[in-house]
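*Asks:* Sharing a structure, written as structure tokens. Questions coming.
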Amino acid sequence: MIFDIEPNSEILFGEGASLRTGKRVQELGCKKVLCITDVGIKKVGILDKIVENLENAGLKVVKFTGVLPDPPDYRIEECAEIAREEEVDGVIGLGGGSSMDTAKCVNILLSNPSPITQYFGPGEGLKKETPLILIPTTAGTGSEVSIVAVVTNTENHRKGGCIGPQWMADLAIVDPELTLGLPPGITAFTGMDAFSHAAEAITSGQANPMGELQAKEAISLITKSLPVAVEDGSNLEARKDLSLAATLAGIAGIKDSMVHFGHSLAHTIGSLYHDIPHGIACALVIPEVIRNDAKAVPEKVKVIGKAMGLKFDDDLSPEEIGDRVGDTIKALNKRVGIPTAREAGIKKSDLGKIAEIAYQDETAIFAPLKLSYSDALEIMERIYEG
Ligand SMILES: [Fe+2]
């Protein structure tokens with residue numbers, strides 16, 4: 001097997017790492033930066049702490065707190081306009097996936113013309129002239145180490161992925177202390193987003209041994225520490241495990257091996273139901289996607305199960321392996337309080353529409369087996385039946 005490991009973003013990891021933000025941003029040559037976040041991060045005081053740290057290092061800071069979930073194109077353009085007017089020489093994304101993806105796009109628009117929607121798909125020939133620094137405040141999306149930014153095109157209401165090395169951070173600062181205040185629900189579903197990145201990386205058609213190592217560790221850490229952090233958000237050891245898991249799963253799932261049909265379904269659910277967060281959509285679909293993957297790659301599905309602590313007899317059929325692992329992931333969902341598909345608001349009448357869009361989604365090409373519309377519908381029906 002020949003596989004290619006592309007360079008990672010530089011990652012500064014550990015509790016208190018965000019206290020080095022100012023110094024590290026200054027070392028990247030920045031003098032005036034745009035710090036992009038949402039109102040929630042401002043409200044809990046994390047924005048002020050980071051801005052103070054940057055200013056103490058002698059940097060000028062422009063703040064933008066208008067990030068919206070599933071970042072819409074128009075909001076990215078508004079933010080990019082501010083970046084150009086203020087002539088910033090660096091961009092910081094602080095928050096969850098939406099803040100980091102908005103920052104990725106704004107940074108690209110500092111070196112390339114608008115609109116952002118023209119950059120959906122692989123980013124050939126794009127310039128990147130200003131450093132991008134990403135600081136996650138959740139443990140799940142992996143955007144800080146990925147080569148992807150997901151944007152909503154508000155003309156056709158479709159989400160699109162901008163993909164390529166230009167969308168990577170120059171520096172990711174992963175500080176588990178920033179996640180200590182996350183409520184149980186967000187902790188649970190962002191953790192299951194990371195779990196999906198890892199599980200899909202292991203079963204991906206583009207899987208490789210390095211990604212498998214990272215993803216196995218991420219699954220073990222999430223299985224052990226997600227229930228702990230959901231129960232007691234102030235448990236720093238559990239938070240450290242989850243931040244590390246999200247980083248490992250992000251590298252494996254959204255940079256090297258790539259996620260597949262779980263994310264095809266989750267993107268589709270997210271675009272049809274705006275009030276279902278990405279992590280909940282991932283959590284809902286991943287047990288059935290992995291159960292189905294066992295038809296093609298049972299040994300890989302066993303790897304996921306073993307990382308969750310399962311033991312397997314040698315004579316199990318692929319179907320039995322899929323059932324054991326799928327049921328174990330479902331039990332983890334239940335334990336951390338993920339709602340069922342019905343509780344999340346998915347309508348039975350939409351199952352066909354979800355299947356129809358998802359099986360043609362661009363991420364489906366990485367699935368370990370080719371899925372038809374009827375395969376996708378069968379998976380959605382199982383998800384709905386819970
Ligand atoms: Fe994801």
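Chain labels A, B, ... are given in the sequence in which chains occur in the structure tokens; within each chain residues are numbered consecutively from 1, and ligands are likewise numbered from 1 in the order shown.
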So which residues touch range 24-37 of chain A within 8 Å, counting only C-alpha atoms, skipping near sequence neighbours fewer than 6 positions away, as a compact mmCIF listing (two decimals) with all heavy atoms, in the first residue's frame?

*Replies:*
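Output file around_0.txt is given in full below:
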```txt
# COMPACT_ATOMS: atom_id res chain seq x y z
N LEU A 47 -13.61 35.57 24.38
CA LEU A 47 -13.10 36.54 23.40
C LEU A 47 -12.25 37.60 24.10
O LEU A 47 -11.13 37.89 23.66
CB LEU A 47 -14.27 37.21 22.66
CG LEU A 47 -13.85 38.34 21.70
CD1 LEU A 47 -12.99 37.80 20.57
CD2 LEU A 47 -15.07 39.07 21.13
N VAL A 51 -8.37 38.49 23.31
CA VAL A 51 -8.04 39.84 22.81
C VAL A 51 -7.03 40.50 23.75
O VAL A 51 -6.05 41.10 23.29
CB VAL A 51 -9.34 40.69 22.67
CG1 VAL A 51 -8.98 42.15 22.42
CG2 VAL A 51 -10.20 40.15 21.54
N LEU A 54 -3.66 39.09 23.10
CA LEU A 54 -3.09 39.61 21.84
C LEU A 54 -2.60 41.04 22.03
O LEU A 54 -1.50 41.40 21.58
CB LEU A 54 -4.16 39.57 20.73
CG LEU A 54 -4.54 38.18 20.20
CD1 LEU A 54 -5.91 38.22 19.52
CD2 LEU A 54 -3.48 37.67 19.23
N ALA A 57 0.59 41.50 23.78
CA ALA A 57 1.76 41.18 22.94
C ALA A 57 2.02 42.27 21.91
O ALA A 57 2.86 42.11 21.02
CB ALA A 57 1.55 39.84 22.26
N GLY A 58 1.25 43.38 22.01
CA GLY A 58 1.49 44.52 21.13
C GLY A 58 0.73 44.49 19.81
O GLY A 58 1.00 45.29 18.91
N LEU A 59 -0.25 43.58 19.71
CA LEU A 59 -1.02 43.49 18.46
C LEU A 59 -2.27 44.37 18.52
O LEU A 59 -2.87 44.54 19.59
CB LEU A 59 -1.45 42.03 18.23
CG LEU A 59 -0.31 41.13 17.79
CD1 LEU A 59 -0.38 39.80 18.52
CD2 LEU A 59 -0.38 40.89 16.29
N LYS A 60 -2.65 44.89 17.36
CA LYS A 60 -3.95 45.57 17.26
C LYS A 60 -4.98 44.51 16.88
O LYS A 60 -4.69 43.62 16.07
CB LYS A 60 -3.90 46.63 16.17
CG LYS A 60 -3.13 47.87 16.59
CD LYS A 60 -3.34 48.98 15.59
CE LYS A 60 -2.53 50.18 16.03
NZ LYS A 60 -1.96 50.89 14.94
N VAL A 61 -6.18 44.62 17.47
CA VAL A 61 -7.19 43.59 17.24
C VAL A 61 -8.51 44.21 16.80
O VAL A 61 -9.02 45.13 17.44
CB VAL A 61 -7.45 42.76 18.52
CG1 VAL A 61 -8.40 41.59 18.22
CG2 VAL A 61 -6.15 42.23 19.11
N VAL A 62 -9.05 43.71 15.70
CA VAL A 62 -10.40 44.06 15.25
C VAL A 62 -11.27 42.86 15.59
O VAL A 62 -10.89 41.71 15.30
CB VAL A 62 -10.43 44.32 13.73
CG1 VAL A 62 -11.84 44.69 13.29
CG2 VAL A 62 -9.42 45.39 13.34
N LYS A 63 -12.44 43.13 16.24
CA LYS A 63 -13.30 42.01 16.65
C LYS A 63 -14.50 41.88 15.72
O LYS A 63 -15.08 42.88 15.32
CB LYS A 63 -13.80 42.23 18.08
CG LYS A 63 -12.70 42.20 19.12
CD LYS A 63 -13.25 42.46 20.50
CE LYS A 63 -12.97 43.89 20.91
NZ LYS A 63 -13.39 44.22 22.28
N PHE A 64 -14.86 40.64 15.42
CA PHE A 64 -16.09 40.36 14.67
C PHE A 64 -16.84 39.27 15.42
O PHE A 64 -16.31 38.16 15.58
CB PHE A 64 -15.76 39.91 13.23
CG PHE A 64 -16.99 39.62 12.41
CD1 PHE A 64 -17.65 40.61 11.72
CD2 PHE A 64 -17.50 38.32 12.34
CE1 PHE A 64 -18.80 40.33 10.98
CE2 PHE A 64 -18.65 38.03 11.59
CZ PHE A 64 -19.28 39.05 10.90
N THR A 65 -18.05 39.58 15.89
CA THR A 65 -18.79 38.59 16.70
C THR A 65 -20.07 38.12 16.01
O THR A 65 -20.97 37.61 16.65
CB THR A 65 -19.14 39.18 18.09
OG1 THR A 65 -19.91 40.38 17.87
CG2 THR A 65 -17.92 39.51 18.90
N GLY A 66 -20.12 38.28 14.69
CA GLY A 66 -21.37 37.99 13.98
C GLY A 66 -21.44 36.64 13.29
O GLY A 66 -22.27 36.44 12.40
N VAL A 67 -20.60 35.69 13.69
CA VAL A 67 -20.63 34.37 13.03
C VAL A 67 -21.99 33.69 13.24
O VAL A 67 -22.55 33.73 14.34
CB VAL A 67 -19.50 33.46 13.56
CG1 VAL A 67 -19.69 32.01 13.11
CG2 VAL A 67 -18.15 33.98 13.12
N ALA A 83 -12.42 42.92 7.03
CA ALA A 83 -10.99 42.55 7.01
C ALA A 83 -10.21 43.39 6.00
O ALA A 83 -9.10 43.85 6.27
CB ALA A 83 -10.84 41.06 6.68
N GLU A 87 -7.53 46.48 6.78
CA GLU A 87 -6.19 46.09 6.32
C GLU A 87 -5.46 45.23 7.34
O GLU A 87 -4.31 45.50 7.71
CB GLU A 87 -5.37 47.33 5.95
CG GLU A 87 -5.98 48.10 4.80
CD GLU A 87 -5.16 49.31 4.37
OE1 GLU A 87 -4.32 49.77 5.15
OE2 GLU A 87 -5.38 49.76 3.25
N VAL A 88 -6.16 44.19 7.83
CA VAL A 88 -5.53 43.29 8.81
C VAL A 88 -4.50 42.42 8.08
O VAL A 88 -4.59 42.19 6.87
CB VAL A 88 -6.57 42.40 9.52
CG1 VAL A 88 -7.55 43.26 10.32
CG2 VAL A 88 -7.30 41.49 8.55
N ASP A 89 -3.51 41.95 8.84
CA ASP A 89 -2.49 41.08 8.23
C ASP A 89 -2.51 39.68 8.83
O ASP A 89 -1.53 38.94 8.73
CB ASP A 89 -1.11 41.73 8.32
CG ASP A 89 -0.72 42.06 9.76
OD1 ASP A 89 -1.38 41.55 10.69
OD2 ASP A 89 0.24 42.81 9.96
N GLY A 90 -3.62 39.32 9.46
CA GLY A 90 -3.78 37.96 9.99
C GLY A 90 -5.22 37.77 10.43
O GLY A 90 -5.92 38.73 10.75
N VAL A 91 -5.66 36.51 10.42
CA VAL A 91 -7.05 36.20 10.77
C VAL A 91 -7.07 35.11 11.83
O VAL A 91 -6.36 34.10 11.71
CB VAL A 91 -7.84 35.75 9.52
CG1 VAL A 91 -9.24 35.27 9.90
CG2 VAL A 91 -7.93 36.88 8.49
N ILE A 92 -7.88 35.35 12.88
CA ILE A 92 -8.02 34.35 13.95
C ILE A 92 -9.48 33.88 13.98
O ILE A 92 -10.39 34.69 14.01
CB ILE A 92 -7.64 34.96 15.32
CG1 ILE A 92 -6.18 35.40 15.31
CG2 ILE A 92 -7.90 33.95 16.45
CD1 ILE A 92 -5.71 36.07 16.59
N GLY A 93 -9.69 32.58 13.98
CA GLY A 93 -11.03 32.00 14.16
C GLY A 93 -11.10 31.41 15.55
O GLY A 93 -10.31 30.52 15.89
N LEU A 94 -12.04 31.89 16.36
CA LEU A 94 -12.15 31.47 17.75
C LEU A 94 -13.56 30.93 17.99
O LEU A 94 -14.53 31.68 17.85
CB LEU A 94 -11.88 32.68 18.66
CG LEU A 94 -12.11 32.52 20.15
CD1 LEU A 94 -11.10 31.56 20.78
CD2 LEU A 94 -12.05 33.88 20.86
N GLY A 95 -13.69 29.65 18.32
CA GLY A 95 -15.03 29.12 18.60
C GLY A 95 -15.20 27.71 18.10
O GLY A 95 -14.24 26.92 18.05
N SER A 99 -17.26 29.31 13.46
CA SER A 99 -16.32 30.44 13.58
C SER A 99 -15.03 30.13 12.83
O SER A 99 -14.47 31.00 12.14
CB SER A 99 -15.99 30.71 15.05
OG SER A 99 -17.12 31.23 15.70
N MET A 100 -14.55 28.89 12.97
CA MET A 100 -13.28 28.55 12.32
C MET A 100 -13.45 28.51 10.80
O MET A 100 -12.58 28.99 10.07
CB MET A 100 -12.75 27.23 12.88
CG MET A 100 -12.33 27.37 14.34
SD MET A 100 -11.43 25.94 14.97
CE MET A 100 -12.76 24.81 15.30
N THR A 102 -15.69 30.20 9.04
CA THR A 102 -15.83 31.60 8.59
C THR A 102 -14.45 32.24 8.48
O THR A 102 -14.13 32.91 7.49
CB THR A 102 -16.72 32.39 9.58
OG1 THR A 102 -18.01 31.78 9.63
CG2 THR A 102 -16.87 33.85 9.15
N ALA A 103 -13.61 32.02 9.49
CA ALA A 103 -12.25 32.60 9.48
C ALA A 103 -11.44 32.06 8.29
O ALA A 103 -10.71 32.82 7.64
CB ALA A 103 -11.54 32.29 10.79
N PRO A 131 -1.48 34.91 7.52
CA PRO A 131 -1.58 33.73 8.40
C PRO A 131 -2.99 33.54 8.97
O PRO A 131 -3.69 34.51 9.24
CB PRO A 131 -0.59 34.02 9.53
CG PRO A 131 0.28 35.11 9.04
CD PRO A 131 -0.53 35.90 8.06
N ILE A 133 -4.99 31.60 12.08
CA ILE A 133 -4.81 30.96 13.39
C ILE A 133 -6.20 30.49 13.85
O ILE A 133 -7.16 31.27 13.86
CB ILE A 133 -4.21 31.95 14.42
CG1 ILE A 133 -2.85 32.45 13.92
CG2 ILE A 133 -4.06 31.30 15.79
CD1 ILE A 133 -2.88 33.75 13.18
```

*Asks:* Throw together the list of residues within 9 Å of ligand 1, counting only C-alpha atoms and all ligand atoms, and drop it here as a compact mmCIF listing (two decimals) with all heavy atoms, in the first residue's frame.

*Replies:*
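Final output, part29.txt:
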```
# COMPACT_ATOMS: atom_id res chain seq x y z
N GLY A 97 -16.93 25.04 14.95
CA GLY A 97 -16.66 24.87 13.52
C GLY A 97 -17.09 26.07 12.69
O GLY A 97 -16.40 26.45 11.74
N GLY A 140 -14.54 18.71 18.89
CA GLY A 140 -15.31 17.86 17.99
C GLY A 140 -15.14 18.13 16.53
O GLY A 140 -14.85 17.22 15.77
N THR A 141 -15.28 19.38 16.09
CA THR A 141 -15.39 19.62 14.65
C THR A 141 -14.10 19.27 13.91
O THR A 141 -14.15 18.89 12.76
CB THR A 141 -15.71 21.09 14.34
OG1 THR A 141 -14.55 21.88 14.57
CG2 THR A 141 -16.85 21.60 15.19
N GLY A 142 -12.95 19.47 14.56
CA GLY A 142 -11.67 19.18 13.90
C GLY A 142 -11.32 20.20 12.83
O GLY A 142 -10.32 20.04 12.13
N SER A 143 -12.11 21.26 12.70
CA SER A 143 -11.86 22.24 11.64
C SER A 143 -10.47 22.85 11.75
O SER A 143 -9.86 23.22 10.75
CB SER A 143 -12.93 23.34 11.70
OG SER A 143 -12.72 24.28 10.69
N THR A 190 -20.76 17.38 20.02
CA THR A 190 -19.48 17.67 19.36
C THR A 190 -18.55 16.45 19.52
O THR A 190 -17.79 16.12 18.61
CB THR A 190 -18.80 18.95 19.91
OG1 THR A 190 -18.79 18.89 21.34
CG2 THR A 190 -19.53 20.19 19.46
N MET A 192 -19.51 13.36 19.60
CA MET A 192 -19.93 12.33 18.63
C MET A 192 -19.59 12.73 17.20
O MET A 192 -19.45 11.87 16.33
CB MET A 192 -21.42 12.01 18.80
CG MET A 192 -21.76 11.26 20.08
SD MET A 192 -20.74 9.78 20.41
CE MET A 192 -21.22 8.69 19.06
N ASP A 193 -19.46 14.02 16.94
CA ASP A 193 -18.95 14.46 15.62
C ASP A 193 -17.52 13.93 15.46
O ASP A 193 -17.18 13.32 14.43
CB ASP A 193 -18.99 16.00 15.55
CG ASP A 193 -18.59 16.55 14.19
OD1 ASP A 193 -18.55 15.78 13.21
OD2 ASP A 193 -18.30 17.76 14.11
N ALA A 194 -16.71 14.14 16.51
CA ALA A 194 -15.32 13.63 16.45
C ALA A 194 -15.31 12.11 16.31
O ALA A 194 -14.50 11.54 15.56
CB ALA A 194 -14.56 14.06 17.69
N PHE A 195 -16.21 11.43 17.04
CA PHE A 195 -16.30 9.97 16.94
C PHE A 195 -16.57 9.57 15.48
O PHE A 195 -15.96 8.63 14.95
CB PHE A 195 -17.42 9.45 17.85
CG PHE A 195 -17.52 7.95 17.87
CD1 PHE A 195 -16.94 7.22 18.90
CD2 PHE A 195 -18.17 7.25 16.85
CE1 PHE A 195 -17.01 5.83 18.92
CE2 PHE A 195 -18.24 5.87 16.85
CZ PHE A 195 -17.67 5.16 17.89
N SER A 196 -17.47 10.31 14.83
CA SER A 196 -17.81 9.99 13.43
C SER A 196 -16.60 10.20 12.52
O SER A 196 -16.37 9.40 11.61
CB SER A 196 -18.95 10.89 12.93
OG SER A 196 -20.05 10.77 13.77
N HIS A 197 -15.86 11.29 12.75
CA HIS A 197 -14.65 11.50 11.93
C HIS A 197 -13.72 10.29 12.05
O HIS A 197 -13.15 9.82 11.06
CB HIS A 197 -13.90 12.77 12.37
CG HIS A 197 -14.72 14.02 12.23
ND1 HIS A 197 -14.47 15.16 12.96
CD2 HIS A 197 -15.80 14.31 11.45
CE1 HIS A 197 -15.35 16.08 12.61
NE2 HIS A 197 -16.16 15.60 11.71
N GLY A 250 -9.81 14.71 13.65
CA GLY A 250 -9.86 15.73 12.59
C GLY A 250 -8.78 15.47 11.56
O GLY A 250 -9.03 15.53 10.35
N GLY A 253 -9.81 12.13 9.78
CA GLY A 253 -11.08 12.11 9.06
C GLY A 253 -11.31 13.24 8.08
O GLY A 253 -12.05 13.08 7.11
N ILE A 254 -10.70 14.41 8.34
CA ILE A 254 -11.00 15.53 7.43
C ILE A 254 -9.73 16.11 6.83
O ILE A 254 -9.72 17.23 6.35
CB ILE A 254 -11.83 16.65 8.10
CG1 ILE A 254 -12.20 16.35 9.54
CG2 ILE A 254 -13.09 16.93 7.29
CD1 ILE A 254 -12.94 17.47 10.22
N VAL A 259 -13.75 11.39 5.74
CA VAL A 259 -15.04 10.85 6.16
C VAL A 259 -15.84 10.46 4.91
O VAL A 259 -15.45 10.80 3.80
CB VAL A 259 -15.84 11.90 6.98
CG1 VAL A 259 -15.18 12.13 8.31
CG2 VAL A 259 -16.00 13.21 6.21
N GLY A 262 -21.42 8.75 6.39
CA GLY A 262 -22.01 9.36 7.60
C GLY A 262 -22.11 10.86 7.43
O GLY A 262 -23.14 11.48 7.76
N HIS A 263 -21.07 11.43 6.86
CA HIS A 263 -21.10 12.88 6.65
C HIS A 263 -21.94 13.27 5.44
O HIS A 263 -22.48 14.38 5.41
CB HIS A 263 -19.67 13.44 6.59
CG HIS A 263 -19.18 13.79 7.98
ND1 HIS A 263 -18.96 12.82 8.92
CD2 HIS A 263 -18.94 14.97 8.59
CE1 HIS A 263 -18.58 13.40 10.05
NE2 HIS A 263 -18.58 14.71 9.88
N ALA A 266 -25.20 13.39 7.19
CA ALA A 266 -25.25 14.48 8.18
C ALA A 266 -25.33 15.84 7.48
O ALA A 266 -26.08 16.72 7.91
CB ALA A 266 -24.03 14.42 9.09
N HIS A 267 -24.57 16.02 6.39
CA HIS A 267 -24.65 17.29 5.65
C HIS A 267 -26.06 17.49 5.09
O HIS A 267 -26.60 18.59 5.12
CB HIS A 267 -23.65 17.32 4.48
CG HIS A 267 -22.22 17.40 4.92
ND1 HIS A 267 -21.17 16.97 4.14
CD2 HIS A 267 -21.67 17.87 6.05
CE1 HIS A 267 -20.04 17.16 4.79
NE2 HIS A 267 -20.31 17.70 5.95
N HIS A 278 -24.84 19.83 13.50
CA HIS A 278 -24.06 18.84 12.74
C HIS A 278 -23.71 17.61 13.60
O HIS A 278 -23.83 16.47 13.15
CB HIS A 278 -22.79 19.51 12.21
CG HIS A 278 -21.84 18.57 11.56
ND1 HIS A 278 -22.10 17.96 10.35
CD2 HIS A 278 -20.63 18.08 11.96
CE1 HIS A 278 -21.08 17.17 10.03
NE2 HIS A 278 -20.18 17.22 10.99
N GLY A 279 -23.29 17.86 14.84
CA GLY A 279 -22.87 16.74 15.70
C GLY A 279 -24.02 15.79 16.02
O GLY A 279 -23.82 14.57 16.12
N CYS A 282 -24.57 13.70 12.93
CA CYS A 282 -23.52 12.66 12.84
C CYS A 282 -23.81 11.52 13.81
O CYS A 282 -23.70 10.34 13.44
CB CYS A 282 -22.15 13.25 13.18
SG CYS A 282 -21.51 14.32 11.91
```

*Asks:* Mind checking DSSP for range 199-329 of chain A and telling me the alpha helix (DSSP H) residues as a PyMOL selection string?

*Replies:* chain A and resi 199-203+209-231+236-251+261-272+278-293+298-307+318-329

*Asks:* Could you check which of A:Gly16, A:Ile5, A:Val285, A:His157 is closest to Gly211 in chain A, using only C-alpha atoms?

*Replies:*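 Comparing A:Gly16, A:Ile5, A:Val285, A:His157 against Gly211 in chain A, the winner is A:Ile5.
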
*Asks:* Have a look at A:Ile321, A:Leu126, A:Val145, A:Val150 and name the one nearest to Leu171 in chain A; count only C-alpha atoms.

*Replies:*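 With only C-alpha atoms as the atom set, the closest residue is A:Val145.
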
*Asks:* Give me, as a list of chain:residue names, all polymer residues having an atom no more than 12 Å from Arg335 in chain A, counting only C-alpha atoms and skipping those fewer than 6 positions away in the same chain.

*Replies:*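 With the cut-off at 12 Å, the set is A:Pro184, A:Gly185, A:Ala188, A:Phe189, A:Met192, A:Thr223, A:Lys224, A:Ser225, A:Leu226, A:Pro227, A:Val228, A:Ala229, A:Val230, A:Glu231, A:Thr328, A:Ile329.
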
*Asks:* Hey, can you spit out that residue selection with C-alpha atoms as a short mmCIF file (atom, residue, chain, number, x, y, z; two decimals), in the first residue's frame?

*Replies:*
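Saved as out39.cif:
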```
data_model
loop_
_atom_site.label_atom_id
_atom_site.label_comp_id
_atom_site.auth_asym_id
_atom_site.auth_seq_id
_atom_site.Cartn_x
_atom_site.Cartn_y
_atom_site.Cartn_z
CA PRO A 184 -23.58 18.69 28.49
CA GLY A 185 -25.60 18.71 25.25
CA ALA A 188 -22.11 15.22 23.77
CA PHE A 189 -22.83 16.06 20.17
CA MET A 192 -19.93 12.33 18.63
CA THR A 223 -15.60 6.09 24.63
CA LYS A 224 -13.82 6.54 27.96
CA SER A 225 -14.15 10.28 28.52
CA LEU A 226 -17.25 11.57 26.72
CA PRO A 227 -19.69 10.18 29.33
CA VAL A 228 -17.43 11.61 32.09
CA ALA A 229 -17.34 15.13 30.56
CA VAL A 230 -21.10 15.08 29.91
CA GLU A 231 -21.68 14.17 33.56
CA THR A 328 -22.43 -0.34 20.93
CA ILE A 329 -22.27 3.08 19.24
#
```

*Asks:* What is the CA of Leu377 in chain A-CA of Lys295 in chain A distance in Å, reported with one decimal?

*Replies:*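 Rounded to one decimal, the two atoms are 16.3 Å apart.
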
*Asks:* Restricting the calculation to only C-alpha atoms, which member of A:Lys23, A:Phe13, A:Ala249, A:Val148 is positioned closest to Ile135 in chain A?

*Replies:* A:Phe13

*Asks:* Restricting the calculation to only C-alpha atoms: of A:Glu85, A:Glu356, A:Glu299, A:Glu217, which residue gets closest to Leu244 in chain A?

*Replies:* A:Glu217
